[in-house]
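*Asks:* Mind looking over this structure? Questions follow.
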Amino acid sequence: MCSLTLNRTSKEQIDSLGGEGKKFLEKIKKRAFDAKTTIQGLLDAQNTHLRHFPNDLRHIRKETIGRHRVYYFGHNTECSYTVFYIKLNKRGDSKAQDDDNPQFQDKLRAGLASPIADTYSEPTEEQI
Amino acid sequence: MSQTVRITTPSSTRNLATVSPSSYTPQDVLRELNSYQTKLNNISFVKTLVELSMATGGYVQLRPEYYHLPALIGNDSQPVYLYEIVELIDEFIDYDRIQEEYPTLSFSQIAGAVSFLRKASQINSRNIDIDEMEDADNAKNTELIAALRTALADTEAACVFPDTE
């Protein structure tokens with residue numbers, strides 16, 4: 001069983017979730033506990049890597065739990081993970097970071113709606 | 001100088017690609033064809049999702065204007081993407097109760113299954129990786145980056161689990 005450490009920042013963020021925070025914390029803990037030095041866990045999965053971040057933050061990873069994004073570092077080989085920041089994405093809660101989420105949705109819609117760079121069509125019977 | 005390669009049918013002319021003839025090698029052709037093959041595979045999968053939607057009442061919609069990203073359409077005509085619903089389900093479900101029903105499964109297997117469903121619900125006909133897009137967006141968010149750096153500097157351990165005391 002690997003260990004999980006919370007710094008003060010992430011602990012405060014989890015506490016701000018109130019009653020839901022306890023369940024949320026359990027989900028983070030169990031992700032760490034299921035890993036061993038010889039067995040990777042969910043926190044070591046490929047989709048936790050952040051390719052676009054600046055060099056000094058390239059070693060950190062991100063796990064999605066519900067709507068929230070958990071930022072951490074550590075590996076199963078070290079058998080230790082440290083969660084240092086949580087981007088809370090609850091709508092309509094002034095105490096949480098109800099922030100980029102609506103803006104990101106606009107960007108997502110814009111990205112999906114942007115023109116296709118190339119097109120193709122099926123050949124006609126004559127061309128076949 | 002680049003030129004546009006067009007494909008002409010009896011009813012229309014469409015732009016196929018914009019290429020630079022001096023650099024158009026067999027490798028370029030292969031790369032172009034592989035790109036089309038990926039798009040065809042993706043479209044085939046999206047078609048399956050459309051059929052699934054029809055079989056389950058048509059509530060989940062795969063609209064062309066959203067490049068077939070599965071969504072529920074609210075009464076304000078705005079999409080609520082299916083992956084967002086899966087995130088809420090992930091937040092609200094009690095994993096312990098699932099483990100009680102299936103005691104042979106580990107927590108990670110259950111969490112991994114939900115993660116799989118979330119990724120699967122992000123399939124779209126433009127083959128956009130939604131999470132990659134979110135991360136690229138976050139990387140440009142100076143406020144978030146500054147908050148992460150500040151948090152990283154907060155090295156005081158508030159809690160360590162499992163509690164060995």
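Residues are referred to by chain and number: the chain letter is A, B, ... according to the order shown in the structure tokens, the number counts from 1 in that chain, and ligands are numbered separately from 1 in the order shown.
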For B:Val60, please output as a PyMOL selection string all residues within 7 Å (counting only C-alpha atoms; exclusion window: fewer than 6 positions along the same chain).

*Replies:* chain B and resi 53+70-72

*Asks:* So that I can check the surroundings of stretch 70-73 of chain A, please list as a list in words every protein, DNA and RNA residue that reaches within 9 Å of it, counting only C-alpha atoms and ignoring chain neighbours fewer than 3 positions away.

*Replies:*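 Counting only the stated atoms, we get Ser10, Ile28, Leu43, His59, Ile60, Arg61, Lys62, Glu63, Thr64, Ile65, Ser80, Tyr81, Thr82, Val83, Phe84, Tyr85, Ile86, Lys87 and Leu88 of chain A; Leu148 of chain B.
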
*Asks:* Go through B:Gln37, B:Thr48, B:Thr150, B:Asn124 and flag the residue nearest B:Tyr81, using only C-alpha atoms for the distances.

*Replies:*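 The answer is B:Asn124, which sits nearest to B:Tyr81.
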
*Asks:* For B:Asn42, which residue out of B:Ile110, B:Ala151, B:Ile85, B:Ile123 is the nearest one, using only C-alpha atoms?

*Replies:*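 Ranking B:Ile110, B:Ala151, B:Ile85, B:Ile123 by distance to B:Asn42, first place goes to B:Ile123.
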
*Asks:* Mind pulling up the distance from atom CA of A:Glu26 to atom CA of B:Ile93?

*Replies:*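 Taking atom CA of B:Ile93 and atom CA of A:Glu26, their separation equals 12.4 Å.
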
*Asks:* Within stretch 58-115 of chain B, find each residue whose DSSP state, derived from the backbone, is helix (DSSP H, G or I), and express the selection as a PyMOL selection string.

*Replies:* chain B and resi 64-66+82-92+95-101+107-115

*Asks:* Could those selected residues go to a file with N, CA, C and O atoms, as a compact mmCIF listing (two decimals), in the first residue's frame?

*Replies:*
```
# COMPACT_ATOMS: atom_id res chain seq x y z
N PRO B 64 -24.16 17.22 -35.54
CA PRO B 64 -23.04 17.60 -36.41
C PRO B 64 -22.40 18.93 -35.98
O PRO B 64 -21.19 19.09 -36.09
N GLU B 65 -23.23 19.86 -35.46
CA GLU B 65 -22.64 21.16 -35.09
C GLU B 65 -21.69 21.06 -33.91
O GLU B 65 -20.87 21.94 -33.68
N TYR B 66 -21.81 19.97 -33.13
CA TYR B 66 -20.85 19.72 -32.05
C TYR B 66 -19.92 18.57 -32.44
O TYR B 66 -19.31 17.94 -31.58
N LEU B 82 -22.07 14.60 -22.48
CA LEU B 82 -22.25 13.36 -21.73
C LEU B 82 -21.11 13.13 -20.75
O LEU B 82 -21.31 12.64 -19.64
N TYR B 83 -19.89 13.52 -21.13
CA TYR B 83 -18.77 13.28 -20.22
C TYR B 83 -18.92 14.09 -18.94
O TYR B 83 -18.45 13.69 -17.88
N GLU B 84 -19.62 15.24 -19.02
CA GLU B 84 -19.87 16.04 -17.83
C GLU B 84 -20.85 15.32 -16.89
O GLU B 84 -20.74 15.40 -15.67
N ILE B 85 -21.82 14.62 -17.50
CA ILE B 85 -22.76 13.84 -16.69
C ILE B 85 -22.02 12.70 -15.99
O ILE B 85 -22.25 12.41 -14.81
N VAL B 86 -21.10 12.06 -16.74
CA VAL B 86 -20.33 10.96 -16.15
C VAL B 86 -19.49 11.47 -14.99
O VAL B 86 -19.32 10.78 -13.98
N GLU B 87 -18.97 12.69 -15.12
CA GLU B 87 -18.18 13.26 -14.01
C GLU B 87 -19.06 13.42 -12.77
O GLU B 87 -18.60 13.16 -11.65
N LEU B 88 -20.29 13.85 -12.95
CA LEU B 88 -21.20 14.01 -11.82
C LEU B 88 -21.52 12.65 -11.19
O LEU B 88 -21.56 12.50 -9.97
N ILE B 89 -21.76 11.67 -12.07
CA ILE B 89 -22.04 10.31 -11.58
C ILE B 89 -20.85 9.83 -10.75
O ILE B 89 -21.01 9.29 -9.64
N ASP B 90 -19.64 10.07 -11.25
CA ASP B 90 -18.43 9.67 -10.54
C ASP B 90 -18.37 10.33 -9.16
O ASP B 90 -17.97 9.72 -8.17
N GLU B 91 -18.81 11.59 -9.11
CA GLU B 91 -18.74 12.33 -7.85
C GLU B 91 -19.77 11.81 -6.85
O GLU B 91 -19.51 11.74 -5.66
N PHE B 92 -20.94 11.43 -7.35
CA PHE B 92 -22.04 11.11 -6.44
C PHE B 92 -22.12 9.64 -6.04
O PHE B 92 -22.72 9.32 -5.02
N TYR B 95 -18.60 4.22 -4.18
CA TYR B 95 -17.80 3.11 -4.68
C TYR B 95 -17.85 1.91 -3.74
O TYR B 95 -17.81 0.76 -4.17
N ASP B 96 -17.99 2.20 -2.43
CA ASP B 96 -18.05 1.10 -1.44
C ASP B 96 -19.26 0.22 -1.70
O ASP B 96 -19.19 -1.01 -1.57
N ARG B 97 -20.37 0.84 -2.09
CA ARG B 97 -21.58 0.04 -2.32
C ARG B 97 -21.42 -0.83 -3.57
O ARG B 97 -21.93 -1.94 -3.63
N ILE B 98 -20.70 -0.30 -4.54
CA ILE B 98 -20.42 -1.11 -5.74
C ILE B 98 -19.54 -2.29 -5.35
O ILE B 98 -19.75 -3.42 -5.80
N GLN B 99 -18.54 -2.03 -4.52
CA GLN B 99 -17.66 -3.11 -4.08
C GLN B 99 -18.41 -4.15 -3.26
O GLN B 99 -18.06 -5.33 -3.29
N GLU B 100 -19.42 -3.71 -2.51
CA GLU B 100 -20.25 -4.68 -1.76
C GLU B 100 -20.97 -5.61 -2.72
O GLU B 100 -21.12 -6.80 -2.46
N GLU B 101 -21.42 -5.04 -3.85
CA GLU B 101 -22.14 -5.87 -4.84
C GLU B 101 -21.19 -6.77 -5.59
O GLU B 101 -21.55 -7.88 -5.98
N PHE B 107 -11.07 -1.25 -5.80
CA PHE B 107 -11.49 0.15 -5.95
C PHE B 107 -10.98 0.70 -7.28
O PHE B 107 -11.70 1.38 -8.01
N SER B 108 -9.71 0.39 -7.58
CA SER B 108 -9.11 0.93 -8.80
C SER B 108 -9.82 0.43 -10.05
O SER B 108 -9.95 1.15 -11.03
N GLN B 109 -10.28 -0.81 -10.02
CA GLN B 109 -11.02 -1.33 -11.18
C GLN B 109 -12.31 -0.54 -11.39
O GLN B 109 -12.66 -0.19 -12.52
N ILE B 110 -13.00 -0.26 -10.31
CA ILE B 110 -14.27 0.47 -10.41
C ILE B 110 -14.00 1.90 -10.88
O ILE B 110 -14.66 2.41 -11.78
N ALA B 111 -12.99 2.54 -10.27
CA ALA B 111 -12.65 3.91 -10.66
C ALA B 111 -12.17 3.94 -12.11
O ALA B 111 -12.49 4.85 -12.87
N GLY B 112 -11.41 2.91 -12.49
CA GLY B 112 -10.93 2.81 -13.87
C GLY B 112 -12.07 2.64 -14.86
O GLY B 112 -12.04 3.17 -15.97
N ALA B 113 -13.10 1.91 -14.45
CA ALA B 113 -14.26 1.70 -15.31
C ALA B 113 -14.99 3.03 -15.55
O ALA B 113 -15.40 3.35 -16.67
N VAL B 114 -15.13 3.81 -14.50
CA VAL B 114 -15.80 5.12 -14.64
C VAL B 114 -14.96 6.04 -15.52
O VAL B 114 -15.49 6.76 -16.37
N SER B 115 -13.65 5.98 -15.33
CA SER B 115 -12.74 6.79 -16.14
C SER B 115 -12.86 6.39 -17.62
O SER B 115 -12.86 7.25 -18.51
```

*Asks:* Measuring between only C-alpha atoms, which one of A:Lys22, A:Lys36, A:Arg67, A:His49 shows the shortest distance to chain B?

*Replies:*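 Going through A:Lys22, A:Lys36, A:Arg67, A:His49 one by one, the smallest distance to chain B is for A:Arg67.
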
*Asks:* Find the residue from A:Pro54, A:Ile39, A:Ile14, A:Thr77 that sits nearest to A:Lys27; use only C-alpha atoms when measuring.

*Replies:*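 Comparing A:Pro54, A:Ile39, A:Ile14, A:Thr77 against A:Lys27, the winner is A:Ile14.
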
*Asks:* List every residue of stretch 15-104 of chain A that DSSP, applied to the backbone, labels as strand (DSSP E or B), and write the result as a VMD selection string.

*Replies:* chain A and resid 36 39 49 61 to 65 68 to 75 80 to 87

*Asks:* If you count only C-alpha atoms, which residues fall within 7 Å of A:Thr37, apart from same-chain ones fewer than 5 positions away, as a PyMOL selection string?

*Replies:* chain A and resi 76-79

*Asks:* Go ahead and save the picked residues with N, CA, C and O atoms, as a JSON list (two decimals), in the first residue's frame.

*Replies:*
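Writing the result to selection.json gives the following:
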```
[["chain", "number", "residue", "atom", "x", "y", "z"],
["A", 76, "ASN", "N", 4.48, 5.25, -8.20],
["A", 76, "ASN", "CA", 4.34, 4.00, -7.44],
["A", 76, "ASN", "C", 5.72, 3.49, -7.02],
["A", 76, "ASN", "O", 5.88, 2.87, -5.97],
["A", 77, "THR", "N", 6.75, 3.75, -7.83],
["A", 77, "THR", "CA", 8.10, 3.27, -7.50],
["A", 77, "THR", "C", 8.61, 3.91, -6.22],
["A", 77, "THR", "O", 9.41, 3.33, -5.50],
["A", 78, "GLU", "N", 8.14, 5.13, -5.94],
["A", 78, "GLU", "CA", 8.49, 5.78, -4.68],
["A", 78, "GLU", "C", 7.50, 5.40, -3.58],
["A", 78, "GLU", "O", 7.72, 5.70, -2.41],
["A", 79, "CYS", "N", 6.41, 4.75, -4.02],
["A", 79, "CYS", "CA", 5.30, 4.37, -3.14],
["A", 79, "CYS", "C", 4.79, 5.56, -2.31],
["A", 79, "CYS", "O", 4.40, 5.40, -1.15]]
```

*Asks:* Give me, as JSON, numbers by chain, all polymer residues having an atom no more than 10 Å from A:Phe53, counting only C-alpha atoms and skipping those fewer than 3 positions away in the same chain.

*Replies:* {"A": [49, 50, 56, 57, 58, 59, 60], "B": [135, 136, 137, 138, 139, 140, 145]}
